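**Student:** Just dropping this structure here.
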Amino acid sequence: MDLSITLKGQCRDLTLKNPVLTASGTFGSGLEFAPYGDLASLGGIVVKGLSLKPRQGNPQPRIVETTAGMLNAVGLQNDGVEAFLNFKLPHLPWRETAIVANLYATSPEEFRELASRLNGEPGIAALEVNVSCPNVAAGGALFGQDPKLAHAVTRAVREGAPDKHVMVKLSPNVTDIALMAKSVEDAGADSVSCINTLLGMAVDLPRRRPALANIVGGLSGPAIKPVALRCVWQVARAVSIPVVGLGGIITADDALEFLLVGASAIQVGTANFLRPDAAFALVAELPAACERAGAASPRELTGALVTD
Amino acid sequence: MSTPSSSLLTVLDLVPFGQTGPEHRFFALRLSRPDWPDWNRWRPGQFVMVRPLSFGLEIPWARPFGICHMTARHLICFFQVHGRGTQRMAKLAPGDEVRVWGPLGNGFAMEEDTPTLLLAGGMGIVPFVGYVNRHPQPWNLTMLFGHREPLGCYPVDSINERIPVDTLREPESGDLDDFLFSLQERIRDNAEQHGLVLACGPRPFLLTVQQLAAKFGARAQLSLENRMACGVGACLGCVTRTTAAWPVAATRETPVQVCTQGPVFWANQVEL
């Protein structure tokens, strides 16, 4: 079965061998999962968020398990973009699969600088712009909650990296996600990915304390799938650029549900913690799942939801 | 060291330890031996991520367990019922399937001819079962075991078959002072012999060992335990801060993953 898919952007296309990417922050640089499957078999790897300078992240505890999900407030700990390019990227199979750099910065100017640093890197297929991290004090979710700021950040990345496919990751923590999607489309985004985590909280009852040192964190996992499907549905109807769906995808059938509501590709996130070969297994199961759904390829299913 | 792999293992049996009754809290979980290619190169102190299929979608994370022992016949984990994951695990029955990935992390140093002091607090005894079994010269090992629950709750017998274990139960504060005194004496003696101290147990216990090792100049390793989602270095949930003594310049005095950079650390290289 031909699983390939091209995300047709306004400026740059992104062709994937299959529609399965790994979600940022759940798959490290990718190398951590090499013992559990063939990285080159994936449609793409979205690496852990990169910033210009190394970041140490938030204090412990940073993660907590919840019912059918988890909260994280890692706070974008990373070694910085230079360390990634020098020590990780050369070991990734970037000729065989799309390596997508997830970018985090605290101002449009910093986003532009980061994007232009990556524009000439042949090993980077696309940039995913994080306008929606709920776990950092500066920028982060704020950019993702204000259409004007999201527009400015998208424009900065677009200008900084004219040769790369620019995907903007949207936050569900807004009143109208379609409005945000239209705003970044207008600013030149080639695609959008949605959703990032939902802002949540957990309480350690015996200690009368928040379960996370950051008090609040981002909820992910199967618990958020219905919210994610709704967001993808709303966004796909509002924009003409491709939508990459994520939020609680565990099985190939989950992935097909996201395609039906309008996604062209999907990302696997928290599922990587349920089993380290989750993304590889999903790719392997995809052809059979498509056949069961009566489709000759995943492409056929995008937006094929019957609503009458 | 072994390359980690993931596989579905079968529960062989679940053996309760300690008091009999409906509310068992300590169990040895015996699983079919993983088909990992070089499984026999595992090192005591390494751990596995264990996720019974019965967790479904409700309990997303696997649970990290130090390898108690692994032989050609089986992999043994030992656990205490503590939260909803281990409550579910206490209901496992022979034939049930469990996803396991590992062996993970680095394991304890093993120096055949070095006088080695094993310090275990409570469930911290678990990795020493494998350590004592795999050590080529067990007569160089001595062990001190502090525990709160009755001795029968812990897998101490299989260690006692090979080396003498000094045990001290600490239900009351007076006994805690005895234990601390004993710890201090043992660590000082070990340092004078240029030996090796290996410790595993609750954080306050490790903190005491760390302080005493620094005081007497003992070479000591600590096995840390932290909340983990992935076990492979990706989620960054289990990090601990390194000190200026950490050997890698780029990650000195920064948070590093306990799962991949540890769980065993030299005592002077991490902050507790």
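Following the order of the structure tokens, chains are lettered A, B, ..., residues in each are numbered from 1, and ligands are numbered from 1.
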Any chance you could tabulate, as JSON lines, the residues of chain A at most 9 Å from chain B with each one's nearest atom pair and distance in Å to one decimal, using only C-alpha atoms, in chain and rising number order?

**Tutor:**
{"residue": "A:Gly25", "atom": "CA", "partner": "B:Cys235", "partner_atom": "CA", "distance": 6.5}
{"residue": "A:Thr26", "atom": "CA", "partner": "B:Cys235", "partner_atom": "CA", "distance": 5.7}
{"residue": "A:Phe27", "atom": "CA", "partner": "B:Ala234", "partner_atom": "CA", "distance": 5.5}
{"residue": "A:Gly28", "atom": "CA", "partner": "B:Ala234", "partner_atom": "CA", "distance": 4.3}
{"residue": "A:Ser29", "atom": "CA", "partner": "B:Ala234", "partner_atom": "CA", "distance": 7.8}
{"residue": "A:Gly30", "atom": "CA", "partner": "B:Ala234", "partner_atom": "CA", "distance": 8.5}
{"residue": "A:Glu32", "atom": "CA", "partner": "B:Val232", "partner_atom": "CA", "distance": 6.0}
{"residue": "A:Phe33", "atom": "CA", "partner": "B:Val232", "partner_atom": "CA", "distance": 7.4}
{"residue": "A:Pro35", "atom": "CA", "partner": "B:Pro4", "partner_atom": "CA", "distance": 6.3}
{"residue": "A:Tyr36", "atom": "CA", "partner": "B:Ser5", "partner_atom": "CA", "distance": 6.0}
{"residue": "A:Lys48", "atom": "CA", "partner": "B:Ala234", "partner_atom": "CA", "distance": 8.4}
{"residue": "A:Gln56", "atom": "CA", "partner": "B:Thr254", "partner_atom": "CA", "distance": 6.5}
{"residue": "A:Gly57", "atom": "CA", "partner": "B:Pro255", "partner_atom": "CA", "distance": 8.3}
{"residue": "A:Gln60", "atom": "CA", "partner": "B:Gly237", "partner_atom": "CA", "distance": 7.8}
{"residue": "A:Pro61", "atom": "CA", "partner": "B:Gly237", "partner_atom": "CA", "distance": 7.3}
{"residue": "A:Arg62", "atom": "CA", "partner": "B:Gly237", "partner_atom": "CA", "distance": 5.6}
{"residue": "A:Ile63", "atom": "CA", "partner": "B:Gly237", "partner_atom": "CA", "distance": 5.5}
{"residue": "A:Val64", "atom": "CA", "partner": "B:Arg227", "partner_atom": "CA", "distance": 8.0}
{"residue": "A:Glu65", "atom": "CA", "partner": "B:Trp61", "partner_atom": "CA", "distance": 7.2}
{"residue": "A:Thr66", "atom": "CA", "partner": "B:Ile59", "partner_atom": "CA", "distance": 7.6}
{"residue": "A:Thr67", "atom": "CA", "partner": "B:Glu58", "partner_atom": "CA", "distance": 5.4}
{"residue": "A:Ala68", "atom": "CA", "partner": "B:Glu58", "partner_atom": "CA", "distance": 4.1}
{"residue": "A:Gly69", "atom": "CA", "partner": "B:Pro60", "partner_atom": "CA", "distance": 6.3}
{"residue": "A:Met70", "atom": "CA", "partner": "B:Pro60", "partner_atom": "CA", "distance": 7.8}
{"residue": "A:Asn72", "atom": "CA", "partner": "B:Gly237", "partner_atom": "CA", "distance": 7.9}
{"residue": "A:Ala73", "atom": "CA", "partner": "B:Gly237", "partner_atom": "CA", "distance": 8.7}
{"residue": "A:Val74", "atom": "CA", "partner": "B:Leu236", "partner_atom": "CA", "distance": 6.7}
{"residue": "A:Gln77", "atom": "CA", "partner": "B:Leu236", "partner_atom": "CA", "distance": 7.8}
{"residue": "A:Asp79", "atom": "CA", "partner": "B:Ala250", "partner_atom": "CA", "distance": 8.7}
{"residue": "A:Gly221", "atom": "CA", "partner": "B:Pro60", "partner_atom": "CA", "distance": 7.8}
{"residue": "A:Pro222", "atom": "CA", "partner": "B:Leu57", "partner_atom": "CA", "distance": 6.9}
{"residue": "A:Ala223", "atom": "CA", "partner": "B:Glu58", "partner_atom": "CA", "distance": 8.7}
{"residue": "A:Ile250", "atom": "CA", "partner": "B:Leu57", "partner_atom": "CA", "distance": 8.9}
{"residue": "A:Thr270", "atom": "CA", "partner": "B:Pro60", "partner_atom": "CA", "distance": 8.2}
{"residue": "A:Ala271", "atom": "CA", "partner": "B:Pro60", "partner_atom": "CA", "distance": 8.0}
{"residue": "A:Asn272", "atom": "CA", "partner": "B:Cys230", "partner_atom": "CA", "distance": 7.5}
{"residue": "A:Phe273", "atom": "CA", "partner": "B:Cys230", "partner_atom": "CA", "distance": 4.8}
{"residue": "A:Leu274", "atom": "CA", "partner": "B:Trp61", "partner_atom": "CA", "distance": 5.5}
{"residue": "A:Arg275", "atom": "CA", "partner": "B:Arg99", "partner_atom": "CA", "distance": 7.6}
{"residue": "A:Pro276", "atom": "CA", "partner": "B:Ser6", "partner_atom": "CA", "distance": 7.3}
{"residue": "A:Asp277", "atom": "CA", "partner": "B:Ser6", "partner_atom": "CA", "distance": 7.6}

**Student:** Show me, as an MDAnalysis selection string, the residues that have an atom within 8 Å of range 185-200 of chain A when counting only C-alpha atoms, minus same-chain residues fewer than 6 positions from it.

**Tutor:** chainID A and resid 7:13 71 132:134 151:152 154:155 158 165:173 216:220 224 228 231:232 239 241:247

**Student:** Residues near Pro16 in chain B, anyone? I mean within 12 Å using only C-alpha atoms, not counting same-chain ones fewer than 6 positions away, as a list of chain:residue names.

**Tutor:**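 Selected residues are B:Pro22, B:Glu23, B:His24, B:Arg25, B:Phe26, B:Phe27, B:Ala28, B:Leu29, B:Arg30, B:Phe78, B:Phe79, B:Gln80, B:Val81, B:Met89, B:Ala90, B:Lys91, B:Leu92, B:Gly152, B:Cys153, B:Tyr154, B:Pro155.
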
**Student:** Using only C-alpha atoms, which residue out of B:Trp246, B:Met123, B:Arg219, B:Glu149 lies closest to Gln19 in chain B?

**Tutor:**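 Nearest candidate to Gln19 in chain B out of B:Trp246, B:Met123, B:Arg219, B:Glu149: B:Glu149.
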
**Student:** From the DSSP assignment of the backbone, select every residue of range 22-130 of chain A that is strand (DSSP E or B), and format the answer as a list in words.

**Tutor:** Thr22, Gly44, Ile45, Val46, Leu50, Arg55, Ile63, Val64, Glu65, Thr66, Gly69, Met70, Leu71, Asn72, Asn78, Ala98, Ile99, Val100, Ala101, Asn102, Leu103, Ala126, Leu127, Glu128, Val129 and Asn130 of chain A

**Student:** So which one's closest to Gln234 in chain A, A:Leu286, A:Ala213, A:Ile177, A:Leu205? Using only C-alpha atoms, please.

**Tutor:**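 The shortest atom-to-atom distance to Gln234 in chain A comes from A:Ile177.
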